[in-house]
Structures are given as structure tokens and as C-alpha cells.
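Trainee: Hey, dropping my_file-v3.tsv in here, TSV, C-alpha atoms:
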chain	number	residue	atom	x	y	z
A	1	MET	CA	0.00	0.00	0.00
A	2	LEU	CA	1.30	3.45	-0.95
A	3	TYR	CA	0.21	6.72	0.61
A	4	PHE	CA	0.04	9.92	-1.38
A	5	SER	CA	1.85	11.76	1.43
A	6	GLU	CA	4.87	9.55	0.67
A	7	LEU	CA	4.64	10.12	-3.07
A	8	GLN	CA	3.97	13.83	-3.54
A	9	ASN	CA	7.09	15.86	-4.41
A	10	ASN	CA	9.08	12.71	-5.25
A	11	ARG	CA	11.61	13.23	-8.05
A	12	VAL	CA	10.45	12.19	-11.52
A	13	LEU	CA	13.10	10.76	-13.84
A	14	THR	CA	13.15	8.96	-17.19
A	15	LYS	CA	14.45	5.41	-17.08
A	16	ASP	CA	17.83	6.64	-18.36
A	17	GLY	CA	18.12	9.04	-15.39
A	18	ILE	CA	17.11	12.38	-16.91
A	19	TYR	CA	15.41	14.63	-14.35
A	20	ILE	CA	11.91	15.76	-15.39
A	21	GLY	CA	10.47	17.40	-12.28
A	22	LYS	CA	8.50	16.53	-9.13
A	23	LEU	CA	5.25	14.63	-8.67
A	24	LYS	CA	2.48	17.12	-7.96
A	25	ASP	CA	-0.76	15.17	-8.18
A	26	VAL	CA	-2.45	11.94	-9.25
A	27	ILE	CA	-5.42	11.66	-11.60
A	28	PHE	CA	-7.90	8.83	-11.19
A	29	ARG	CA	-11.16	7.69	-12.72
A	30	ALA	CA	-14.21	8.46	-10.53
A	31	SER	CA	-15.90	5.06	-10.61
A	32	ASP	CA	-16.42	1.95	-8.52
A	33	ASN	CA	-12.96	0.94	-9.73
A	34	PRO	CA	-10.92	4.15	-9.20
A	35	VAL	CA	-7.93	3.31	-11.38
A	36	VAL	CA	-5.04	5.79	-11.49
A	37	THR	CA	-4.93	7.00	-15.07
A	38	LYS	CA	-2.35	9.80	-15.07
A	39	LEU	CA	0.27	11.58	-13.02
A	40	VAL	CA	0.71	15.35	-12.77
A	41	VAL	CA	4.33	16.49	-12.78
A	42	LYS	CA	5.65	19.97	-12.05
A	43	THR	CA	8.48	20.72	-14.49
A	44	ASP	CA	10.52	23.84	-15.20
A	45	LYS	CA	8.41	24.56	-18.26
A	46	ASN	CA	5.01	23.23	-17.22
A	47	PRO	CA	3.51	23.48	-13.70
A	48	GLU	CA	1.02	20.69	-14.50
A	49	ALA	CA	2.40	18.29	-17.09
A	50	ILE	CA	-0.07	15.39	-17.35
A	51	ILE	CA	1.54	12.02	-18.13
A	52	PRO	CA	-0.52	8.85	-18.80
A	53	ILE	CA	0.04	5.95	-16.41
A	54	GLU	CA	1.01	3.77	-19.40
A	55	ASP	CA	4.26	5.74	-19.63
A	56	VAL	CA	5.07	5.21	-15.96
A	57	ARG	CA	7.38	2.32	-15.12
A	58	LYS	CA	7.60	2.84	-11.37
A	59	ILE	CA	5.99	4.99	-8.66
A	60	ASN	CA	7.30	3.76	-5.32
A	61	GLY	CA	10.68	5.14	-4.22
A	62	GLY	CA	10.71	7.75	-6.96
A	63	VAL	CA	8.80	8.02	-10.22
A	64	ILE	CA	10.41	6.49	-13.32
A	65	LEU	CA	9.06	7.25	-16.81
A	66	GLU	CA	9.62	5.75	-20.22
A	67	LYS	CA	12.16	7.66	-22.27
A	68	SER	CA	9.56	8.45	-24.91
A	69	TYR	CA	6.75	9.53	-22.59
A	70	VAL	CA	3.99	11.73	-24.00
A	71	LEU	CA	1.79	14.44	-22.50
A	72	SER	CA	-1.95	13.97	-22.12
A	73	LYS	CA	-5.08	15.82	-21.02
A	74	LEU	CA	-7.78	15.34	-18.41
A	75	LYS	CA	-10.69	13.28	-19.71
A	76	GLU	CA	-14.34	13.13	-18.71
A	77	ASN	CA	-14.94	11.49	-15.31
A	78	GLU	CA	-11.30	11.90	-14.28
A	79	LEU	CA	-10.48	13.76	-11.07
A	80	PHE	CA	-7.39	15.17	-9.36
A	81	LEU	CA	-6.55	13.42	-6.11
A	82	THR	CA	-5.41	16.66	-4.41
A	83	LYS	CA	-8.11	18.99	-5.73
A	84	ASN	CA	-11.08	16.64	-5.46
A	85	LEU	CA	-10.35	14.27	-2.60
A	86	LEU	CA	-7.47	15.15	-0.29
A	87	ASP	CA	-8.24	17.50	2.63
A	88	ASN	CA	-11.93	17.46	1.80
A	89	GLN	CA	-13.96	17.95	4.96
A	90	ILE	CA	-17.36	16.49	4.21
A	91	ILE	CA	-16.91	12.75	4.67
A	92	ASP	CA	-18.95	11.17	7.44
A	93	ILE	CA	-17.47	8.03	8.98
A	94	SER	CA	-19.72	6.87	11.82
A	95	GLY	CA	-22.85	8.96	11.65
A	96	ASP	CA	-21.75	10.87	14.74
A	97	LYS	CA	-19.23	13.30	13.31
A	98	ILE	CA	-17.74	14.73	10.15
A	99	VAL	CA	-14.09	14.18	9.40
A	100	ARG	CA	-11.34	15.25	7.02
A	101	VAL	CA	-9.46	13.21	4.41
A	102	ASN	CA	-5.88	13.40	5.67
A	103	ASP	CA	-4.23	10.99	3.24
A	104	VAL	CA	-5.09	8.72	0.31
A	105	ALA	CA	-4.05	5.07	-0.03
A	106	ILE	CA	-3.04	3.69	-3.44
A	107	GLN	CA	-2.69	0.01	-4.36
A	108	ASP	CA	1.02	-0.50	-5.13
A	109	LYS	CA	0.75	-3.05	-7.89
A	110	PRO	CA	0.21	-2.86	-11.67
A	111	GLY	CA	-3.15	-1.24	-12.38
A	112	TYR	CA	-2.65	1.27	-9.57
A	113	SER	CA	-5.97	2.26	-8.00
A	114	ILE	CA	-7.31	4.26	-5.04
A	115	ALA	CA	-7.87	1.86	-2.15
A	116	GLY	CA	-9.39	4.34	0.28
A	117	VAL	CA	-8.66	7.31	2.52
A	118	ASP	CA	-7.03	7.83	5.90
A	119	ILE	CA	-9.13	10.09	8.13
A	120	GLY	CA	-7.15	9.84	11.34
A	121	LEU	CA	-4.18	11.38	13.12
A	122	VAL	CA	-1.78	8.98	11.42
A	123	GLY	CA	-2.59	10.56	8.06
A	124	ILE	CA	-1.52	13.98	9.37
A	125	LEU	CA	1.66	12.64	11.03
A	126	ARG	CA	2.59	10.92	7.77
A	127	TRP	CA	2.54	14.29	5.96
A	128	LEU	CA	4.69	15.82	8.69
A	129	GLY	CA	7.19	12.94	8.46
A	130	LEU	CA	6.65	12.18	12.15
A	131	ILE	CA	4.83	8.85	12.06
A	132	ASP	CA	7.93	6.63	12.55
A	133	PHE	CA	9.25	8.85	15.35
A	134	ILE	CA	5.88	8.94	17.17
A	135	ASN	CA	5.33	5.19	16.79
A	136	LYS	CA	8.84	4.53	18.11
A	137	LEU	CA	8.21	6.84	21.05
A	138	LEU	CA	4.81	5.34	21.86
A	139	GLY	CA	6.13	1.83	21.28
A	140	LYS	CA	8.21	2.17	24.43
A	141	ILE	CA	4.99	2.21	26.44
A	142	GLY	CA	3.26	-0.45	24.35
A	143	ILE	CA	1.15	1.85	22.17
A	144	LYS	CA	1.03	1.94	18.37
A	145	LEU	CA	-1.02	4.41	16.36
A	146	ARG	CA	-3.19	2.88	13.67
A	147	SER	CA	-4.72	4.40	10.57
A	148	GLN	CA	-8.41	5.22	10.54
A	149	PHE	CA	-9.18	3.86	7.13
A	150	LEU	CA	-12.29	4.41	5.02
A	151	SER	CA	-12.57	2.01	2.10
A	152	TRP	CA	-13.28	3.30	-1.39
A	153	ALA	CA	-16.35	1.04	-1.44
A	154	ASP	CA	-17.96	3.36	1.12
A	155	ILE	CA	-17.62	6.50	-1.02
A	156	GLN	CA	-20.39	7.72	-3.33
A	157	THR	CA	-18.59	8.01	-6.64
A	158	LEU	CA	-21.50	9.82	-8.31
A	159	GLU	CA	-21.28	12.65	-5.78
A	160	LEU	CA	-17.50	12.66	-5.99
A	161	SER	CA	-17.67	13.24	-9.74
A	162	ARG	CA	-19.79	16.32	-8.99
A	163	GLY	CA	-17.09	17.65	-6.71
A	164	HIS	CA	-18.57	16.49	-3.37
A	165	VAL	CA	-17.09	13.76	-1.18
A	166	LYS	CA	-19.80	11.78	0.58
A	167	ILE	CA	-20.09	8.28	1.88
A	168	LYS	CA	-23.05	6.11	1.07
A	169	LYS	CA	-26.14	6.91	3.13
A	170	GLU	CA	-24.45	10.10	4.32
A	171	GLN	CA	-27.71	12.04	4.38
A	172	THR	CA	-29.20	9.67	6.95
A	173	LYS	CA	-26.08	9.95	9.08
A	174	LEU	CA	-25.90	13.72	8.84
A	175	GLU	CA	-29.50	13.97	9.98
A	176	LYS	CA	-28.54	12.23	13.23
A	177	ILE	CA	-26.13	15.03	14.15
A	178	ARG	CA	-27.66	17.78	16.27
A	179	PRO	CA	-28.01	21.08	14.37
A	180	GLU	CA	-25.90	22.96	16.93
A	181	ASP	CA	-23.09	20.37	16.70
A	182	LEU	CA	-23.17	20.47	12.92
A	183	ALA	CA	-23.12	24.29	13.00
A	184	ASP	CA	-20.05	24.24	15.28
A	185	TYR	CA	-18.26	22.01	12.79
A	186	LEU	CA	-19.29	24.04	9.75
A	187	GLU	CA	-17.93	27.24	11.28
A	188	GLU	CA	-14.48	25.62	11.13
A	189	THR	CA	-14.70	24.98	7.38
A	190	ASN	CA	-15.30	27.17	4.35
A	191	VAL	CA	-18.55	28.46	2.90
A	192	ALA	CA	-18.25	26.19	-0.16
A	193	ASN	CA	-18.24	23.09	2.06
A	194	VAL	CA	-21.18	24.46	4.05
A	195	LYS	CA	-23.21	24.88	0.89
A	196	GLY	CA	-22.33	21.30	-0.08
A	197	ILE	CA	-23.58	19.88	3.20
A	198	LEU	CA	-26.75	21.96	3.17
A	199	ARG	CA	-27.55	20.50	-0.26
A	200	VAL	CA	-27.47	17.03	1.31
A	201	LEU	CA	-29.79	17.98	4.17
A	202	GLY	CA	-33.47	18.62	3.79
A	203	GLU	CA	-34.82	22.18	4.02
A	204	LYS	CA	-36.00	21.77	7.62
A	205	LYS	CA	-32.64	20.51	8.92
A	206	SER	CA	-30.77	23.12	6.83
A	207	VAL	CA	-32.74	25.91	8.50
A	208	GLU	CA	-32.04	24.49	11.97
A	209	VAL	CA	-28.31	24.39	11.18
A	210	ILE	CA	-28.28	27.93	9.75
A	211	ASN	CA	-30.09	29.24	12.85
A	212	ASN	CA	-27.19	27.92	14.97
A	213	LEU	CA	-24.46	29.60	12.93
A	214	ARG	CA	-22.86	32.85	14.04
A	215	LEU	CA	-24.38	35.92	12.42
A	216	ASN	CA	-21.23	36.78	10.45
A	217	TYR	CA	-21.19	33.22	9.07
A	218	GLN	CA	-24.89	33.42	8.22
A	219	THR	CA	-24.17	36.66	6.39
A	220	ALA	CA	-21.30	35.11	4.41
A	221	LEU	CA	-23.49	32.15	3.52
A	222	PHE	CA	-26.44	34.23	2.32
A	223	LYS	CA	-24.09	36.38	0.24
A	224	GLN	CA	-23.16	33.19	-1.63
A	225	PHE	CA	-26.75	32.05	-2.15
A	226	GLU	CA	-28.71	33.03	-5.21
A	227	SER	CA	-31.65	35.21	-4.19
A	228	ASP	CA	-34.24	32.47	-4.89
A	229	GLN	CA	-32.29	29.94	-2.79
A	230	ALA	CA	-31.89	32.45	0.04
A	231	ALA	CA	-35.61	33.29	-0.11
A	232	LYS	CA	-36.53	29.61	0.16
A	233	ILE	CA	-34.49	29.26	3.35
A	234	ILE	CA	-35.71	32.58	4.78
A	235	SER	CA	-39.32	31.49	4.25
A	236	HIS	CA	-38.73	28.45	6.50
A	237	MET	CA	-37.09	30.47	9.28
A	238	ASP	CA	-38.93	32.11	12.14
A	239	PRO	CA	-39.63	35.71	11.05
A	240	GLU	CA	-37.69	37.02	14.06
A	241	GLU	CA	-34.58	35.05	13.07
A	242	ALA	CA	-35.02	35.95	9.42
A	243	VAL	CA	-35.07	39.67	10.23
A	244	ASP	CA	-31.74	39.42	12.06
A	245	VAL	CA	-30.17	37.77	9.01
A	246	LEU	CA	-31.70	40.19	6.51
A	247	LEU	CA	-30.57	43.23	8.48
A	248	SER	CA	-26.98	41.96	8.29
A	249	LEU	CA	-27.05	41.97	4.46
A	250	SER	CA	-26.67	44.88	2.08
A	251	LYS	CA	-29.86	46.70	1.13
A	252	LYS	CA	-29.52	45.51	-2.48
A	253	LYS	CA	-29.13	41.85	-1.48
A	254	ARG	CA	-31.95	42.13	1.05
A	255	GLU	CA	-34.35	43.56	-1.54
A	256	LYS	CA	-33.52	40.80	-4.04
A	257	ILE	CA	-34.34	38.15	-1.43
A	258	LEU	CA	-37.55	39.89	-0.34
A	259	ASP	CA	-38.72	40.01	-3.97
A	260	GLN	CA	-38.49	36.21	-4.12
A	261	LEU	CA	-40.55	35.52	-0.98
A	262	THR	CA	-44.11	34.24	-1.02
A	263	ASP	CA	-46.79	36.78	-0.15
A	264	SER	CA	-47.36	35.48	3.37
A	265	SER	CA	-43.66	35.42	4.29
A	266	TYR	CA	-43.08	38.80	2.66
A	267	LYS	CA	-45.89	40.51	4.58
A	268	GLU	CA	-44.81	39.18	7.98
A	269	ILE	CA	-41.13	40.00	7.53
A	270	MET	CA	-41.82	43.44	6.05
A	271	TYR	CA	-44.08	44.19	9.01
A	272	LEU	CA	-41.16	43.56	11.37
A	273	LEU	CA	-38.65	45.42	9.22
A	274	ASN	CA	-40.85	48.52	9.00
A	275	LEU	CA	-41.62	48.84	12.69
A	276	PRO	CA	-39.91	51.70	14.55
A	277	ASP	CA	-36.54	50.51	15.85
A	278	THR	CA	-35.49	51.00	19.46
A	279	PRO	CA	-31.86	50.09	20.17
A	280	VAL	CA	-31.40	47.05	22.40
A	281	ALA	CA	-28.32	48.76	23.87
A	282	LYS	CA	-30.62	51.08	25.87
A	283	ILE	CA	-31.65	48.24	28.18
A	284	LEU	CA	-28.54	46.05	28.00
A	285	THR	CA	-27.10	44.98	31.34
A	286	THR	CA	-23.84	43.18	32.08
A	287	GLU	CA	-25.34	41.75	35.25
A	288	PHE	CA	-25.00	38.09	34.29
A	289	ILE	CA	-22.93	35.06	35.27
A	290	SER	CA	-20.89	33.07	32.75
A	291	VAL	CA	-19.04	29.81	33.38
A	292	GLN	CA	-16.95	27.32	31.42
A	293	PRO	CA	-18.41	24.03	30.10
A	294	ASP	CA	-16.09	21.86	32.20
A	295	GLN	CA	-16.86	23.55	35.52
A	296	THR	CA	-18.75	21.53	38.12
A	297	VAL	CA	-22.03	22.38	39.82
A	298	LYS	CA	-20.14	23.05	43.07
A	299	GLU	CA	-17.82	25.50	41.31
A	300	VAL	CA	-20.77	27.29	39.68
A	301	ILE	CA	-22.58	27.67	43.00
A	302	ASP	CA	-19.41	29.06	44.57
A	303	THR	CA	-19.14	31.57	41.71
A	304	ILE	CA	-22.77	32.65	42.18
A	305	ARG	CA	-22.21	33.18	45.90
A	306	LYS	CA	-19.11	35.31	45.27
A	307	GLU	CA	-20.27	37.40	42.33
A	308	THR	CA	-24.02	38.05	42.63
A	309	ASN	CA	-24.40	39.92	45.93
A	310	ASP	CA	-25.38	43.12	44.12
A	311	PHE	CA	-27.42	41.51	41.33
A	312	TYR	CA	-31.00	42.71	40.92
A	313	ASN	CA	-32.01	39.44	39.30
A	314	LEU	CA	-30.47	36.08	38.33
A	315	SER	CA	-32.51	33.71	36.18
A	316	TYR	CA	-29.92	31.97	34.04
A	317	VAL	CA	-26.27	31.01	34.02
A	318	TYR	CA	-24.61	31.30	30.62
A	319	VAL	CA	-21.90	28.95	29.39
A	320	VAL	CA	-19.09	30.37	27.26
A	321	ASN	CA	-16.00	28.83	25.69
A	322	LYS	CA	-12.43	30.12	26.04
A	323	ASP	CA	-13.16	32.77	23.37
A	324	MET	CA	-16.16	34.03	25.36
A	325	GLN	CA	-18.55	32.68	22.72
A	326	LEU	CA	-21.93	31.61	24.04
A	327	VAL	CA	-22.33	27.82	23.81
A	328	GLY	CA	-25.02	26.97	26.36
A	329	VAL	CA	-27.36	28.08	29.12
A	330	PHE	CA	-29.17	26.64	32.14
A	331	ASP	CA	-31.48	27.99	34.82
A	332	LEU	CA	-31.06	27.74	38.58
A	333	HIS	CA	-33.56	24.89	38.93
A	334	GLU	CA	-31.58	22.76	36.46
A	335	LEU	CA	-28.41	23.59	38.38
A	336	LEU	CA	-29.83	22.50	41.75
A	337	MET	CA	-31.14	19.21	40.32
A	338	GLN	CA	-27.59	18.04	39.49
A	339	GLY	CA	-24.94	16.34	41.59
A	340	SER	CA	-22.23	18.61	42.98
A	341	ASN	CA	-19.51	17.08	40.76
A	342	THR	CA	-21.54	17.11	37.54
A	343	GLN	CA	-19.91	19.20	34.83
A	344	VAL	CA	-21.93	21.94	33.20
A	345	TYR	CA	-21.73	20.64	29.62
A	346	LYS	CA	-23.64	17.51	30.65
A	347	PHE	CA	-26.89	19.35	31.39
A	348	MET	CA	-26.68	22.79	29.74
A	349	THR	CA	-29.10	23.62	26.93
A	350	GLN	CA	-27.40	24.23	23.59
A	351	ARG	CA	-30.46	25.40	21.68
A	352	LEU	CA	-29.96	29.09	22.28
A	353	VAL	CA	-32.26	32.04	21.65
A	354	THR	CA	-30.17	35.18	21.21
A	355	ILE	CA	-30.42	38.73	19.89
A	356	GLN	CA	-27.94	41.26	18.52
A	357	LEU	CA	-27.46	44.93	19.37
A	358	THR	CA	-29.07	45.67	15.99
A	359	THR	CA	-32.12	43.46	16.62
A	360	PRO	CA	-35.31	45.57	16.47
A	361	MET	CA	-36.97	45.86	19.87
A	362	VAL	CA	-40.21	44.34	18.59
A	363	VAL	CA	-38.27	41.27	17.47
A	364	ALA	CA	-36.64	40.97	20.89
A	365	PHE	CA	-40.10	41.33	22.48
A	366	ARG	CA	-41.59	38.62	20.27
A	367	LYS	CA	-38.70	36.25	21.01
A	368	ILE	CA	-38.86	36.62	24.78
A	369	VAL	CA	-42.64	36.09	24.77
A	370	LYS	CA	-42.61	33.25	22.25
A	371	TYR	CA	-39.98	31.22	24.12
A	372	LYS	CA	-41.27	32.19	27.60
A	373	LEU	CA	-37.89	33.47	28.77
A	374	TYR	CA	-36.97	35.75	31.68
A	375	ALA	CA	-33.94	37.17	29.86
A	376	LEU	CA	-32.30	37.17	26.44
A	377	PRO	CA	-28.54	37.05	25.89
A	378	VAL	CA	-27.13	39.71	23.56
A	379	VAL	CA	-24.25	38.51	21.40
A	380	ASP	CA	-22.03	40.07	18.76
A	381	ARG	CA	-21.47	38.75	15.24
A	382	GLU	CA	-18.99	36.20	16.60
A	383	LYS	CA	-21.47	34.90	19.23
A	384	ARG	CA	-19.53	36.52	22.08
A	385	MET	CA	-21.62	37.54	25.09
A	386	LEU	CA	-22.14	41.29	25.42
A	387	GLY	CA	-24.79	41.21	28.11
A	388	ILE	CA	-28.47	40.40	28.63
A	389	VAL	CA	-31.81	42.15	28.44
A	390	ILE	CA	-34.49	41.11	30.93
A	391	TYR	CA	-38.19	40.53	30.40
A	392	ASP	CA	-39.44	43.53	32.41
A	393	ASP	CA	-37.21	46.00	30.55
A	394	ILE	CA	-38.08	44.62	27.11
A	395	VAL	CA	-41.80	44.71	27.80
A	396	ASP	CA	-41.62	48.18	29.30
A	397	LEU	CA	-39.64	49.62	26.41
A	398	HIS	CA	-41.83	47.85	23.86
A	399	LEU	CA	-45.02	49.22	25.42
A	400	ARG	CA	-43.62	52.75	25.62
A	401	GLY	CA	-42.59	52.47	21.97
A	402	ASN	CA	-46.20	51.69	21.05
A	403	GLU	CA	-47.73	54.57	22.97
Rewrite the coordinates I just gave you, this time as C-alpha cells.

Mentor:
Amino acid sequence: MLYFSELQNNRVLTKDGIYIGKLKDVIFRASDNPVVTKLVVKTDKNPEAIIPIEDVRKINGGVILEKSYVLSKLKENELFLTKNLLDNQIIDISGDKIVRVNDVAIQDKPGYSIAGVDIGLVGILRWLGLIDFINKLLGKIGIKLRSQFLSWADIQTLELSRGHVKIKKEQTKLEKIRPEDLADYLEETNVANVKGILRVLGEKKSVEVINNLRLNYQTALFKQFESDQAAKIISHMDPEEAVDVLLSLSKKKREKILDQLTDSSYKEIMYLLNLPDTPVAKILTTEFISVQPDQTVKEVIDTIRKETNDFYNLSYVYVVNKDMQLVGVFDLHELLMQGSNTQVYKFMTQRLVTIQLTTPMVVAFRKIVKYKLYALPVVDREKRMLGIVIYDDIVDLHLRGNE
């Protein structure tokens, strides 16, 4: 078995020892039998010289070509290993998580073909040239790292040929992942991959995932959508959430999306957009408690005792990560129902209802009433906690705004 990490950048010579360049990529046929058809060599004159596999005498330990090799071109249904498969982030392995292709395995016998992909730590260490060192080090304590291998038979070749890497039955597996967990993952990848995953999911699940993305990521995503696609998603969102997203877009983009909405969605969203706006900042308070996900109930209670002596009200405890991004919330009743050594992440609620500083007051009012909350967290575009607004203040300001 050969790994692409061990092949890329190998010297390419003719069989009589003339230096041609370095191996840059491998081309294979996207089919149930993914045979390697060509090699891509970077030469002094050509950054992507494509050479048919028939002119290759040897790959392992350096690439050897026939003296009279010829150049070729990419054919239909042929894909680049690096561009189309390696480092792609939308393969699902177990139904519980999404993983990255870290290396590609190639059968090292005549009729070279793609055997599968390595999705584990070993694949990364192989690229870094550290796998032998790490295995030797761990071997002293009886541990050996093993590849996490995904066979080619598990990959949907039809989707791969369209530029998407998916395993068979991926949609079913993706649907098992909680929207907030999937959103957390997607925020670590690029918008193109996000769009690819959303195409796999149904409209309902796509909307749930989008609702859990940070506002700046939502904005980037909707900028990429065609107006009709964006309108379709907006029409399935709660009007209050839709308004937050629309207000983050340019006026031109917003108007294009609004033009594509159905009459009922258009009327409800326009009603909210046209209401007089009262800044949320007027009633924002920083009188809230935030804790880390790995803190215990005992530690949280100690924090409350130390830091809330002067608080007017305390309904919720907010959970933030090391970057101060809001990741969960729980109320005092939930806290007291847990054992003293229980860590916060085990019982916090991850389905968050938030507002921005730019959220219209009427939208904040509708959210706090709809979800029967005592307070709403205010976050910035990166989901970092800025403060909270409480029920009494929202209702009071809303009523005064309607006088």
C-alpha cells in the first residue's frame, strides 16, 4: 500500500536518469474501480504536465518514466486526487461526526488504484514525516497508532464526480447530528463546504443548522446564495430570526431576497422590518454570570455566591467557551437538580435564543414572549456575550414604543 503523502514531491526521472520534475498530483477515474490514469508532474516549463500511467514504469521510491513519454489531457470522469479528494472535509465516517481526508491510499501493484482514505491522526503525522518517530516513542509504552481507514467502497462516486465527497447513506447519518453540533463544525470549514452539506440535508434541517451559525457566518453564507435559494431558506425560518439575518445583508441583497418571498412570508417579515426601531443597547445589562463548560455544579454555585451579591435578578447562568462565545445556558432549577460534581456541559441547553445589538426591539419582544424566557442574551457577530436584556425592561420599552 502506498500513501500519497509519501509520493507527492518525489523526483520524476526517465528510465535513463534524466530529471523531469516533481510529482504534484495523481489523476484517477471516478468510478467503482478508481484506477489511477495519469500523473501530474511539475516541471521547469510546465507546472502541470499530465503524463498517462502507461508511460510510468515505477511509482514507489521515486517516479520512473519511459524515455519516450507523452503528454496527455484530463478526460471526462477523471479527477485530481489533491483537488477533489485530499483534505476534503465532508466525509462522514460513523454517523456521529464529520471528518477530514488526511491521506489517500493507493494500491502498489500494476493497475494502480485508489484503495481508500485515511481520516485519522496517522494521516496527518505521515505528511509531517513524524509517524515513525511517534510510533517509536509510543512503542516504548506499548502503544502503536493505527490508521483510521475508510474504504473506497464506502464512497459515493457519483457525488464525488460532482465535486462532493460523501459516503453512502451520508444524508441519513448527517440527519442524526444535532443542528448545533453540525453548525459548530461548519464554522471551522469554508462556505463552499457548508453549501455542499446543506444541499445534502433537507430544508428543515438546513434551516435548523443555519439558525445555529454565528451571524457573520450566516451573512457570508447568504451572500453566496442566489436570491431564490436564500428566499426559500428565509421562508422556512422564524420571522424574528429571518429579520436578524436580513438586516446583516446589504440593502440591495436584502431587496432581491424579499422580492423572491411568497406573499405570506413577505408581509410578515416586512411588518417587522418597518416597525420603529429601538436600540437594544438602551436596556442592556452586564449583570450576568458566565461559566466554562467543564466547571462543576459546586464551582458554579461558589461563583454565584461570590459574584451576585449586588445583582438585581439572576434567572440563568450562561456557558461560554475560552473565546467568550456563548455555547449553552441553564437555569437555577436545572443547576440544583444536578450532583455537585456534575460538569456543566452535561446538562446545559445548547439550543440558544439570542439577539444582537441591531435586533429591532419588537423582534426581541416577540422572542422573549414566544420562548417564555426571563432574559435574552445579547451577542455580537462572533457569538460573544455582550450582556443580557431582561423581560421587564423589554416589555416596558416595547409598550412605551407603542404609545

Trainee: Let me make sure I understand: among A:Val207, A:Met348, A:Val329, A:Leu258, which one has the smallest atom-to-atom distance to Met237 of chain A if we use all atoms listed in the file?

Mentor: A:Val207

Trainee: Pick out the closest residue to Ser290 of chain A from this set: A:Ile388, A:Met337, A:Ile210, A:Ala231. Count all atoms listed in the file.

Mentor: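 Of A:Ile388, A:Met337, A:Ile210, A:Ala231, the one nearest Ser290 of chain A is A:Ile388, counting all atoms listed in the file.
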
Trainee: Using only C-alpha atoms, can you list as a PDB file with C-alpha atoms, in the coordinates of the input the residues within 7 Å of (0.6, 2.2, -12.4)?

Mentor:
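Wrote out-v2.pdb, looks like this:
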ATOM      1  CA  VAL A  36      -5.040   5.790 -11.490  1.00  0.00           C
ATOM      2  CA  ILE A  53       0.040   5.950 -16.410  1.00  0.00           C
ATOM      3  CA  VAL A  56       5.070   5.210 -15.960  1.00  0.00           C
ATOM      4  CA  LYS A 109       0.750  -3.050  -7.890  1.00  0.00           C
ATOM      5  CA  PRO A 110       0.210  -2.860 -11.670  1.00  0.00           C
ATOM      6  CA  GLY A 111      -3.150  -1.240 -12.380  1.00  0.00           C
ATOM      7  CA  TYR A 112      -2.650   1.270  -9.570  1.00  0.00           C
TER       8      TYR A 112
END

Trainee: Hey, which of A:Val319, A:Leu272, A:Ile50, A:Val104 ends up closest to Val362 of chain A? Count only C-alpha atoms.

Mentor: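 Under the stated criterion, the closest residue is A:Leu272.
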
Trainee: If I put a ball of radius 12 Å at (5.1, 10.8, 11.8) in the file's coordinates, which residues poke into it when counting all atoms listed in the file, written as a VMD selection string?

Mentor: chain A and resid 5 to 6 121 to 138 144 to 147

Trainee: How would the residues just chosen look if you wrote them out with C-alpha atoms as an mmCIF file, keeping the file's coordinate frame?

Mentor:
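Saved as out_25.cif:
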data_model
loop_
_atom_site.group_PDB
_atom_site.id
_atom_site.type_symbol
_atom_site.label_atom_id
_atom_site.label_comp_id
_atom_site.auth_asym_id
_atom_site.auth_seq_id
_atom_site.Cartn_x
_atom_site.Cartn_y
_atom_site.Cartn_z
ATOM 1 C CA SER A 5 1.850 11.760 1.430
ATOM 2 C CA GLU A 6 4.870 9.550 0.670
ATOM 3 C CA LEU A 121 -4.180 11.380 13.120
ATOM 4 C CA VAL A 122 -1.780 8.980 11.420
ATOM 5 C CA GLY A 123 -2.590 10.560 8.060
ATOM 6 C CA ILE A 124 -1.520 13.980 9.370
ATOM 7 C CA LEU A 125 1.660 12.640 11.030
ATOM 8 C CA ARG A 126 2.590 10.920 7.770
ATOM 9 C CA TRP A 127 2.540 14.290 5.960
ATOM 10 C CA LEU A 128 4.690 15.820 8.690
ATOM 11 C CA GLY A 129 7.190 12.940 8.460
ATOM 12 C CA LEU A 130 6.650 12.180 12.150
ATOM 13 C CA ILE A 131 4.830 8.850 12.060
ATOM 14 C CA ASP A 132 7.930 6.630 12.550
ATOM 15 C CA PHE A 133 9.250 8.850 15.350
ATOM 16 C CA ILE A 134 5.880 8.940 17.170
ATOM 17 C CA ASN A 135 5.330 5.190 16.790
ATOM 18 C CA LYS A 136 8.840 4.530 18.110
ATOM 19 C CA LEU A 137 8.210 6.840 21.050
ATOM 20 C CA LEU A 138 4.810 5.340 21.860
ATOM 21 C CA LYS A 144 1.030 1.940 18.370
ATOM 22 C CA LEU A 145 -1.020 4.410 16.360
ATOM 23 C CA ARG A 146 -3.190 2.880 13.670
ATOM 24 C CA SER A 147 -4.720 4.400 10.570
#

Trainee: What is the atom CA of Leu71 of chain A-atom CA of Leu13 of chain A distance in Å, reported with one decimal?

Mentor: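 Answer for the atom CA of Leu71 of chain A to atom CA of Leu13 of chain A separation: 14.7 Å.
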
Trainee: To one decimal in Å, tell me the separation between atom CA of Ile390 of chain A and atom CA of Thr354 of chain A.

Mentor: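 Straight-line distance from atom CA of Ile390 of chain A to atom CA of Thr354 of chain A works out to 12.2 Å.
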
Trainee: Rounded to one decimal place, report the atom CA of Arg214 of chain A-atom CA of Leu332 of chain A distance in Å.

Mentor: 26.4 Å

Trainee: Atoms are missing here; could segment 251-261 of chain A be completed with N, CA and C atoms and written as a compact mmCIF listing (two decimals), in the frame of the given file?

Mentor:
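Listed below is the output, part.txt:
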# COMPACT_ATOMS: atom_id res chain seq x y z
N LYS A 251 -28.49 46.37 1.52
CA LYS A 251 -29.86 46.70 1.13
C LYS A 251 -30.22 46.07 -0.21
N LYS A 252 -29.27 46.07 -1.15
CA LYS A 252 -29.52 45.51 -2.48
C LYS A 252 -29.79 44.01 -2.39
N LYS A 253 -28.95 43.29 -1.64
CA LYS A 253 -29.13 41.85 -1.48
C LYS A 253 -30.43 41.55 -0.76
N ARG A 254 -30.73 42.33 0.27
CA ARG A 254 -31.95 42.13 1.05
C ARG A 254 -33.18 42.29 0.17
N GLU A 255 -33.19 43.32 -0.67
CA GLU A 255 -34.35 43.56 -1.54
C GLU A 255 -34.53 42.45 -2.57
N LYS A 256 -33.43 41.91 -3.08
CA LYS A 256 -33.52 40.80 -4.04
C LYS A 256 -34.16 39.57 -3.40
N ILE A 257 -33.77 39.29 -2.14
CA ILE A 257 -34.34 38.15 -1.43
C ILE A 257 -35.81 38.38 -1.13
N LEU A 258 -36.15 39.58 -0.67
CA LEU A 258 -37.55 39.89 -0.34
C LEU A 258 -38.45 39.76 -1.57
N ASP A 259 -37.94 40.11 -2.74
CA ASP A 259 -38.72 40.01 -3.97
C ASP A 259 -39.07 38.57 -4.32
N GLN A 260 -38.28 37.62 -3.80
CA GLN A 260 -38.49 36.21 -4.12
C GLN A 260 -39.38 35.49 -3.11
N LEU A 261 -39.75 36.17 -2.02
CA LEU A 261 -40.55 35.52 -0.98
C LEU A 261 -42.01 35.36 -1.40
